[in-house]
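What follows is one structure encoded as structure tokens, with my remarks underneath.
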Amino acid sequence: MLTQVQIDKFHRNGFLNGGRVLSDEELGELSDTLDEILTKGPDGFVPGEAQPVSFRDLAGVSVSEHPVWQIVNIWEAAPAWERLIYHPAVVRGISQLTGHADLQVWHDQIQYKPARYGGSTHWHQDAPLWPIIKPMTPVSAWIPLDDATEDNGCMWMVPGSHKWGNQIAFLRTQGNLSLLENFKDLQGFTPPADAEIREVEARPCPVMRGEVSFHHSLTWHGSPFNQSHRPRRAIAIHYMTGAARFDQSGEHLMKQFVALPDDAPMAAAGRHFPVVCRDGEPVGVPARLRA
Ligand SMILES: O=C(O)CCC(=O)C(=O)O
């Protein structure tokens with residue numbers, strides 16, 4: 001359970017380290033499974049085999065100099081990862097921070113930055129990149145499998161930015177990321193005069209392996225290059241609340257799985273969007289997934 005002090009801190013800053021949630025045993029199983037999938041690569045799955053929705057280098061070319069390997073919905077490819085999306089401490093935290101009693105998974109994404117040459121993830125806000133659901137989905141959980149520190153590309157956040165509205169157009173102008181100095185130097189934005197926090201301060205947010213970090217879907221965030229000798233493997237689990245509805249006018253990778261009329265509740269969207277919390281209680285790991 002998060003304390004009221006933690007909840008208040010999240011609402012002020014737009015992000016929060018919720019502490020350790022995974023055991024060494026869970027981390028070992030998740031790491032081994034992820035490494036198997038990374039070794040297999042995007043083209044290693046045979047038709048009919050359980051597989052993620054997408055597996056690609058975010059740099060956009062097949063093999064880039066500075067890859068960031070993104071795997072979307074690894075939960076669909078491996079039981080260990082499917083168990084994780086139901087993790088009671090994570091789900092309860094999302095319920096507390098959103099104030100919603102009903103939650104389902106929107107999608108997950110691994111971001112893997114290989115040691116020494118892993119690339120950067122641009123400054124962005126999540127919600128503007130998710131135009132098929134409304135209202136904006138509020139909170140994500142981010143869990144690293146390796147200690148994520150400044151040298152291997154931990155996330156950076158801007159405190160208070162979740163209260164500055166949709167600023168994705170500005171963030172897209174912050175493209176020169178080849179040096180850490182460039183990454184942290186966000187220039188040219190003045191926060192609204194009535195905002196609680198009115199200073200643009202990019203802050204590194206180290207998170208140790210097995211800890212969960214929560215961020216609001218409007219919080220400005222990104223992560224620089226991995227310049228260390230350690231990999232940086234992490235998953236973000238993006239959740240939807242019971243209030244989420246389908247917006248047919250938008251485009252998103254997950255739209256292919258939504259066979260609903262415009263404005264229908266996403267609660268009816270089906271098996272690619274599992275329910276993880278009902279009436280304020282985490283539903284827990286389904287029996288078929290328990291070891
Ligand atoms: O893993 C990262 O560095 C970025 C993840 C991210 O952008 C997110 O969780 O929304």
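Convention: chains lettered A, B, ... in structure tokens order; per-chain residue numbering from 1; ligands numbered from 1 as shown.
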Counting only C-alpha atoms, what are the residues of segment 51-127 of chain A within 9 Å of segment 183-202 of chain A, and for each of them which pair of atoms is the nearest and at what distance in Å, to one decimal? Sort the table by chain and rising number, as a Markdown table.
| residue | atom | partner | partner_atom | distance |
| --- | --- | --- | --- | --- |
| A:Ser120 | CA | A:Phe183 | CA | 9.0 |
| A:His122 | CA | A:Phe183 | CA | 8.5 |
| A:Trp123 | CA | A:Phe183 | CA | 8.3 |
Determine, for each residue of chain A having at least one atom at most 7 Å from an atom of ligand 1, the closest pair of atoms and their separation in Å to one decimal, counting only C-alpha atoms and all ligand atoms; order by chain and ascending number, as a Markdown table.
| residue | atom | partner | partner_atom_place_in_ligand_line | distance |
| --- | --- | --- | --- | --- |
| A:Ile110 | CA | ligand 1 | 1 (O) | 6.9 |
| A:Gln111 | CA | ligand 1 | 1 (O) | 4.7 |
| A:Thr121 | CA | ligand 1 | 3 (O) | 5.9 |
| A:Asp126 | CA | ligand 1 | 10 (O) | 5.6 |
| A:Ser140 | CA | ligand 1 | 9 (O) | 6.7 |
| A:Trp142 | CA | ligand 1 | 9 (O) | 5.8 |
| A:Gly153 | CA | ligand 1 | 3 (O) | 7.0 |
| A:Cys154 | CA | ligand 1 | 3 (O) | 6.3 |
| A:Met155 | CA | ligand 1 | 3 (O) | 5.2 |
| A:His221 | CA | ligand 1 | 7 (O) | 6.5 |
| A:Gly222 | CA | ligand 1 | 4 (C) | 5.7 |
| A:Ser223 | CA | ligand 1 | 3 (O) | 4.7 |
| A:Ala234 | CA | ligand 1 | 1 (O) | 5.8 |
| A:Ile235 | CA | ligand 1 | 1 (O) | 6.5 |
| A:Ala236 | CA | ligand 1 | 9 (O) | 4.5 |
Report as a JSON list (two decimals) with N, CA, C and O atoms, in the first residue's frame: the residues of segment 46-272 of chain A with a DSSP assignment of strand (DSSP E or B), based on the backbone of this structure.
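What ended up in result-v5.json:
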[["chain", "number", "residue", "atom", "x", "y", "z"],
["A", 54, "SER", "N", 4.51, -6.54, -30.87],
["A", 54, "SER", "CA", 5.51, -5.88, -31.72],
["A", 54, "SER", "C", 6.88, -6.00, -31.07],
["A", 54, "SER", "O", 7.00, -6.09, -29.84],
["A", 55, "PHE", "N", 7.92, -6.05, -31.90],
["A", 55, "PHE", "CA", 9.31, -6.20, -31.43],
["A", 55, "PHE", "C", 10.15, -5.46, -32.44],
["A", 55, "PHE", "O", 10.28, -5.88, -33.58],
["A", 56, "ARG", "N", 10.71, -4.31, -32.05],
["A", 56, "ARG", "CA", 11.44, -3.50, -33.04],
["A", 56, "ARG", "C", 12.43, -2.57, -32.36],
["A", 56, "ARG", "O", 12.35, -2.34, -31.15],
["A", 57, "ASP", "N", 13.35, -2.06, -33.18],
["A", 57, "ASP", "CA", 14.29, -1.05, -32.70],
["A", 57, "ASP", "C", 13.60, 0.30, -32.86],
["A", 57, "ASP", "O", 13.21, 0.67, -33.97],
["A", 69, "TRP", "N", 15.60, -1.46, -28.05],
["A", 69, "TRP", "CA", 14.69, -2.54, -28.45],
["A", 69, "TRP", "C", 13.39, -2.43, -27.67],
["A", 69, "TRP", "O", 13.39, -2.47, -26.43],
["A", 70, "GLN", "N", 12.30, -2.25, -28.41],
["A", 70, "GLN", "CA", 10.99, -2.14, -27.78],
["A", 70, "GLN", "C", 10.19, -3.41, -28.08],
["A", 70, "GLN", "O", 10.08, -3.80, -29.25],
["A", 71, "ILE", "N", 9.65, -4.02, -27.04],
["A", 71, "ILE", "CA", 8.77, -5.18, -27.22],
["A", 71, "ILE", "C", 7.42, -4.80, -26.60],
["A", 71, "ILE", "O", 7.36, -4.47, -25.42],
["A", 72, "VAL", "N", 6.38, -4.79, -27.42],
["A", 72, "VAL", "CA", 5.04, -4.42, -26.91],
["A", 72, "VAL", "C", 4.25, -5.70, -26.60],
["A", 72, "VAL", "O", 4.18, -6.61, -27.42],
["A", 103, "LEU", "N", -9.58, -1.48, -13.16],
["A", 103, "LEU", "CA", -8.42, -1.23, -14.02],
["A", 103, "LEU", "C", -8.24, -2.39, -14.99],
["A", 103, "LEU", "O", -8.51, -3.55, -14.64],
["A", 104, "GLN", "N", -7.75, -2.08, -16.17],
["A", 104, "GLN", "CA", -7.35, -3.14, -17.09],
["A", 104, "GLN", "C", -6.05, -2.70, -17.77],
["A", 104, "GLN", "O", -5.67, -1.52, -17.71],
["A", 105, "VAL", "N", -5.39, -3.67, -18.38],
["A", 105, "VAL", "CA", -4.12, -3.35, -19.05],
["A", 105, "VAL", "C", -4.42, -2.70, -20.39],
["A", 105, "VAL", "O", -5.27, -3.16, -21.15],
["A", 106, "TRP", "N", -3.72, -1.63, -20.66],
["A", 106, "TRP", "CA", -3.81, -0.97, -21.98],
["A", 106, "TRP", "C", -2.78, -1.65, -22.88],
["A", 106, "TRP", "O", -3.11, -2.29, -23.85],
["A", 107, "HIS", "N", -1.51, -1.59, -22.53],
["A", 107, "HIS", "CA", -0.48, -2.43, -23.15],
["A", 107, "HIS", "C", 0.78, -2.32, -22.30],
["A", 107, "HIS", "O", 0.83, -1.49, -21.39],
["A", 108, "ASP", "N", 1.75, -3.17, -22.58],
["A", 108, "ASP", "CA", 3.04, -3.01, -21.89],
["A", 108, "ASP", "C", 4.12, -2.76, -22.93],
["A", 108, "ASP", "O", 3.88, -2.92, -24.13],
["A", 109, "GLN", "N", 5.27, -2.33, -22.47],
["A", 109, "GLN", "CA", 6.41, -2.22, -23.39],
["A", 109, "GLN", "C", 7.72, -2.38, -22.64],
["A", 109, "GLN", "O", 7.98, -1.72, -21.65],
["A", 110, "ILE", "N", 8.53, -3.31, -23.15],
["A", 110, "ILE", "CA", 9.92, -3.41, -22.72],
["A", 110, "ILE", "C", 10.70, -2.34, -23.46],
["A", 110, "ILE", "O", 10.46, -2.11, -24.65],
["A", 111, "GLN", "N", 11.61, -1.67, -22.79],
["A", 111, "GLN", "CA", 12.64, -0.91, -23.51],
["A", 111, "GLN", "C", 13.99, -1.41, -23.01],
["A", 111, "GLN", "O", 14.29, -1.34, -21.81],
["A", 112, "TYR", "N", 14.76, -1.96, -23.97],
["A", 112, "TYR", "CA", 16.08, -2.54, -23.66],
["A", 112, "TYR", "C", 17.15, -1.71, -24.35],
["A", 112, "TYR", "O", 17.16, -1.60, -25.59],
["A", 113, "LYS", "N", 18.03, -1.11, -23.54],
["A", 113, "LYS", "CA", 19.16, -0.35, -24.08],
["A", 113, "LYS", "C", 20.41, -1.19, -23.84],
["A", 113, "LYS", "O", 20.84, -1.33, -22.68],
["A", 118, "GLY", "N", 23.42, 1.45, -26.31],
["A", 118, "GLY", "CA", 21.95, 1.60, -26.34],
["A", 118, "GLY", "C", 21.57, 3.07, -26.52],
["A", 118, "GLY", "O", 22.20, 3.96, -25.96],
["A", 121, "THR", "N", 15.73, 7.58, -25.55],
["A", 121, "THR", "CA", 14.27, 7.64, -25.76],
["A", 121, "THR", "C", 13.88, 9.11, -25.61],
["A", 121, "THR", "O", 14.13, 9.72, -24.56],
["A", 122, "HIS", "N", 13.32, 9.68, -26.67],
["A", 122, "HIS", "CA", 13.05, 11.12, -26.70],
["A", 122, "HIS", "C", 12.15, 11.58, -25.57],
["A", 122, "HIS", "O", 11.33, 10.82, -25.08],
["A", 123, "TRP", "N", 12.29, 12.84, -25.22],
["A", 123, "TRP", "CA", 11.33, 13.46, -24.31],
["A", 123, "TRP", "C", 9.92, 13.32, -24.88],
["A", 123, "TRP", "O", 9.71, 13.58, -26.07],
["A", 124, "HIS", "N", 8.98, 12.91, -24.07],
["A", 124, "HIS", "CA", 7.60, 12.79, -24.54],
["A", 124, "HIS", "C", 6.64, 12.78, -23.35],
["A", 124, "HIS", "O", 7.06, 12.70, -22.19],
["A", 133, "ILE", "N", -7.87, 6.08, -26.92],
["A", 133, "ILE", "CA", -8.62, 5.98, -25.67],
["A", 133, "ILE", "C", -8.83, 7.36, -25.06],
["A", 133, "ILE", "O", -7.96, 8.24, -25.16],
["A", 134, "LYS", "N", -9.96, 7.54, -24.46],
["A", 134, "LYS", "CA", -10.29, 8.78, -23.77],
["A", 134, "LYS", "C", -11.15, 8.43, -22.55],
["A", 134, "LYS", "O", -11.85, 7.42, -22.59],
["A", 139, "VAL", "N", -2.07, 6.59, -15.24],
["A", 139, "VAL", "CA", -0.79, 6.27, -14.58],
["A", 139, "VAL", "C", -0.18, 4.96, -15.10],
["A", 139, "VAL", "O", -0.90, 3.99, -15.31],
["A", 140, "SER", "N", 1.14, 4.97, -15.27],
["A", 140, "SER", "CA", 1.88, 3.76, -15.68],
["A", 140, "SER", "C", 2.83, 3.32, -14.58],
["A", 140, "SER", "O", 3.26, 4.12, -13.75],
["A", 141, "ALA", "N", 3.18, 2.02, -14.65],
["A", 141, "ALA", "CA", 4.17, 1.47, -13.72],
["A", 141, "ALA", "C", 5.40, 1.09, -14.52],
["A", 141, "ALA", "O", 5.28, 0.44, -15.57],
["A", 142, "TRP", "N", 6.58, 1.48, -14.06],
["A", 142, "TRP", "CA", 7.84, 1.20, -14.78],
["A", 142, "TRP", "C", 8.76, 0.44, -13.83],
["A", 142, "TRP", "O", 9.03, 0.89, -12.72],
["A", 143, "ILE", "N", 9.20, -0.74, -14.28],
["A", 143, "ILE", "CA", 9.99, -1.62, -13.40],
["A", 143, "ILE", "C", 11.26, -2.07, -14.15],
["A", 143, "ILE", "O", 11.16, -2.75, -15.17],
["A", 144, "PRO", "N", 12.44, -1.69, -13.65],
["A", 144, "PRO", "CA", 13.66, -2.15, -14.31],
["A", 144, "PRO", "C", 14.12, -3.52, -13.80],
["A", 144, "PRO", "O", 13.89, -3.86, -12.64],
["A", 148, "ALA", "N", 18.71, 0.94, -12.72],
["A", 148, "ALA", "CA", 18.69, 1.98, -13.76],
["A", 148, "ALA", "C", 19.23, 3.26, -13.12],
["A", 148, "ALA", "O", 18.63, 3.82, -12.19],
["A", 156, "TRP", "N", 14.41, 10.17, -17.00],
["A", 156, "TRP", "CA", 14.43, 11.52, -16.46],
["A", 156, "TRP", "C", 12.99, 12.03, -16.48],
["A", 156, "TRP", "O", 12.21, 11.68, -17.39],
["A", 157, "MET", "N", 12.64, 12.84, -15.50],
["A", 157, "MET", "CA", 11.28, 13.38, -15.41],
["A", 157, "MET", "C", 11.36, 14.88, -15.14],
["A", 157, "MET", "O", 12.36, 15.36, -14.60],
["A", 203, "ARG", "N", 15.05, 16.03, -14.24],
["A", 203, "ARG", "CA", 15.68, 15.38, -13.08],
["A", 203, "ARG", "C", 15.88, 13.89, -13.35],
["A", 203, "ARG", "O", 14.92, 13.20, -13.75],
["A", 204, "PRO", "N", 17.10, 13.35, -13.13],
["A", 204, "PRO", "CA", 17.27, 11.90, -13.29],
["A", 204, "PRO", "C", 16.53, 11.16, -12.18],
["A", 204, "PRO", "O", 16.51, 11.62, -11.04],
["A", 207, "VAL", "N", 16.21, 4.14, -10.49],
["A", 207, "VAL", "CA", 15.29, 3.14, -9.92],
["A", 207, "VAL", "C", 16.07, 1.82, -9.87],
["A", 207, "VAL", "O", 16.65, 1.42, -10.88],
["A", 211, "GLU", "N", 12.29, -2.44, -8.22],
["A", 211, "GLU", "CA", 11.45, -1.38, -7.67],
["A", 211, "GLU", "C", 10.45, -0.94, -8.74],
["A", 211, "GLU", "O", 10.67, -1.16, -9.94],
["A", 212, "VAL", "N", 9.34, -0.32, -8.29],
["A", 212, "VAL", "CA", 8.38, 0.21, -9.26],
["A", 212, "VAL", "C", 8.39, 1.73, -9.18],
["A", 212, "VAL", "O", 8.42, 2.32, -8.11],
["A", 213, "SER", "N", 8.42, 2.34, -10.37],
["A", 213, "SER", "CA", 8.31, 3.79, -10.45],
["A", 213, "SER", "C", 7.02, 4.09, -11.20],
["A", 213, "SER", "O", 6.77, 3.53, -12.27],
["A", 214, "PHE", "N", 6.19, 4.95, -10.62],
["A", 214, "PHE", "CA", 4.93, 5.32, -11.26],
["A", 214, "PHE", "C", 5.09, 6.66, -11.94],
["A", 214, "PHE", "O", 5.74, 7.56, -11.39],
["A", 215, "HIS", "N", 4.48, 6.83, -13.12],
["A", 215, "HIS", "CA", 4.45, 8.19, -13.70],
["A", 215, "HIS", "C", 3.09, 8.46, -14.33],
["A", 215, "HIS", "O", 2.42, 7.57, -14.84],
["A", 216, "HIS", "N", 2.69, 9.72, -14.25],
["A", 216, "HIS", "CA", 1.43, 10.19, -14.83],
["A", 216, "HIS", "C", 1.59, 10.26, -16.35],
["A", 216, "HIS", "O", 2.70, 10.48, -16.87],
["A", 221, "HIS", "N", 8.83, 12.92, -19.81],
["A", 221, "HIS", "CA", 9.88, 11.96, -19.45],
["A", 221, "HIS", "C", 10.60, 11.47, -20.69],
["A", 221, "HIS", "O", 10.11, 11.61, -21.82],
["A", 222, "GLY", "N", 11.76, 10.88, -20.46],
["A", 222, "GLY", "CA", 12.57, 10.32, -21.54],
["A", 222, "GLY", "C", 13.78, 9.67, -20.88],
["A", 222, "GLY", "O", 13.92, 9.70, -19.65],
["A", 223, "SER", "N", 14.65, 9.06, -21.69],
["A", 223, "SER", "CA", 15.83, 8.42, -21.10],
["A", 223, "SER", "C", 17.00, 8.50, -22.08],
["A", 223, "SER", "O", 16.83, 8.21, -23.27],
["A", 226, "ASN", "N", 22.63, 4.62, -23.18],
["A", 226, "ASN", "CA", 23.32, 3.77, -22.20],
["A", 226, "ASN", "C", 24.81, 3.83, -22.51],
["A", 226, "ASN", "O", 25.28, 3.23, -23.48],
["A", 232, "ARG", "N", 20.43, -2.05, -19.83],
["A", 232, "ARG", "CA", 19.30, -1.40, -19.13],
["A", 232, "ARG", "C", 18.02, -1.97, -19.69],
["A", 232, "ARG", "O", 17.58, -1.63, -20.77],
["A", 233, "ARG", "N", 17.47, -2.95, -18.94],
["A", 233, "ARG", "CA", 16.23, -3.61, -19.35],
["A", 233, "ARG", "C", 15.12, -3.17, -18.39],
["A", 233, "ARG", "O", 15.32, -3.19, -17.17],
["A", 234, "ALA", "N", 13.98, -2.77, -18.95],
["A", 234, "ALA", "CA", 12.88, -2.31, -18.09],
["A", 234, "ALA", "C", 11.56, -2.53, -18.81],
["A", 234, "ALA", "O", 11.51, -2.58, -20.04],
["A", 235, "ILE", "N", 10.50, -2.64, -18.01],
["A", 235, "ILE", "CA", 9.16, -2.71, -18.59],
["A", 235, "ILE", "C", 8.31, -1.56, -18.07],
["A", 235, "ILE", "O", 8.40, -1.20, -16.89],
["A", 236, "ALA", "N", 7.51, -0.99, -18.96],
["A", 236, "ALA", "CA", 6.46, -0.06, -18.54],
["A", 236, "ALA", "C", 5.14, -0.79, -18.75],
["A", 236, "ALA", "O", 4.90, -1.36, -19.83],
["A", 237, "ILE", "N", 4.30, -0.81, -17.72],
["A", 237, "ILE", "CA", 2.95, -1.37, -17.88],
["A", 237, "ILE", "C", 1.98, -0.20, -17.84],
["A", 237, "ILE", "O", 1.93, 0.54, -16.84],
["A", 238, "HIS", "N", 1.28, -0.02, -18.95],
["A", 238, "HIS", "CA", 0.34, 1.09, -19.07],
["A", 238, "HIS", "C", -1.06, 0.53, -18.80],
["A", 238, "HIS", "O", -1.48, -0.43, -19.45],
["A", 239, "TYR", "N", -1.76, 1.15, -17.85],
["A", 239, "TYR", "CA", -3.08, 0.67, -17.46],
["A", 239, "TYR", "C", -4.17, 1.64, -17.92],
["A", 239, "TYR", "O", -3.92, 2.83, -18.11],
["A", 240, "MET", "N", -5.39, 1.11, -18.06],
["A", 240, "MET", "CA", -6.57, 1.95, -18.33],
["A", 240, "MET", "C", -7.49, 1.86, -17.13],
["A", 240, "MET", "O", -7.54, 0.82, -16.47],
["A", 241, "THR", "N", -8.25, 2.92, -16.89],
["A", 241, "THR", "CA", -9.24, 2.86, -15.81],
["A", 241, "THR", "C", -10.59, 2.43, -16.39],
["A", 241, "THR", "O", -10.79, 2.43, -17.61],
["A", 245, "ARG", "N", -12.82, 4.99, -22.72],
["A", 245, "ARG", "CA", -13.72, 4.69, -23.84],
["A", 245, "ARG", "C", -12.91, 4.70, -25.13],
["A", 245, "ARG", "O", -11.84, 5.30, -25.20],
["A", 246, "PHE", "N", -13.45, 4.04, -26.14],
["A", 246, "PHE", "CA", -12.75, 3.90, -27.43],
["A", 246, "PHE", "C", -12.97, 5.15, -28.28],
["A", 246, "PHE", "O", -14.10, 5.61, -28.43],
["A", 265, "PRO", "N", -17.26, 1.60, -24.05],
["A", 265, "PRO", "CA", -16.32, 1.41, -22.94],
["A", 265, "PRO", "C", -15.23, 0.41, -23.33],
["A", 265, "PRO", "O", -15.52, -0.65, -23.87]]
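Reported to one decimal place, the separation of atom CA of Ser228 of chain A from atom CA of Ala115 of chain A is 5.8 Å.
Neighbours of Met136 of chain A closer than or equal to 8 Å, with only C-alpha atoms counted and sequence neighbours fewer than 4 positions away skipped, come out as Ala127, Trp130, Ser217 and Ala244 of chain A.
Straight-line separation from atom CA of Asp262 of chain A to atom CA of Pro128 of chain A: 18.3 Å.
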Please return, as a VMD selection string, all residues of segment 85-189 of chain A that DSSP assigns to helix (DSSP H, G or I) on the basis of the backbone. chain A and resid 85 88 to 98 127 to 129 150 to 152 161 to 163 168 to 171 180 to 184
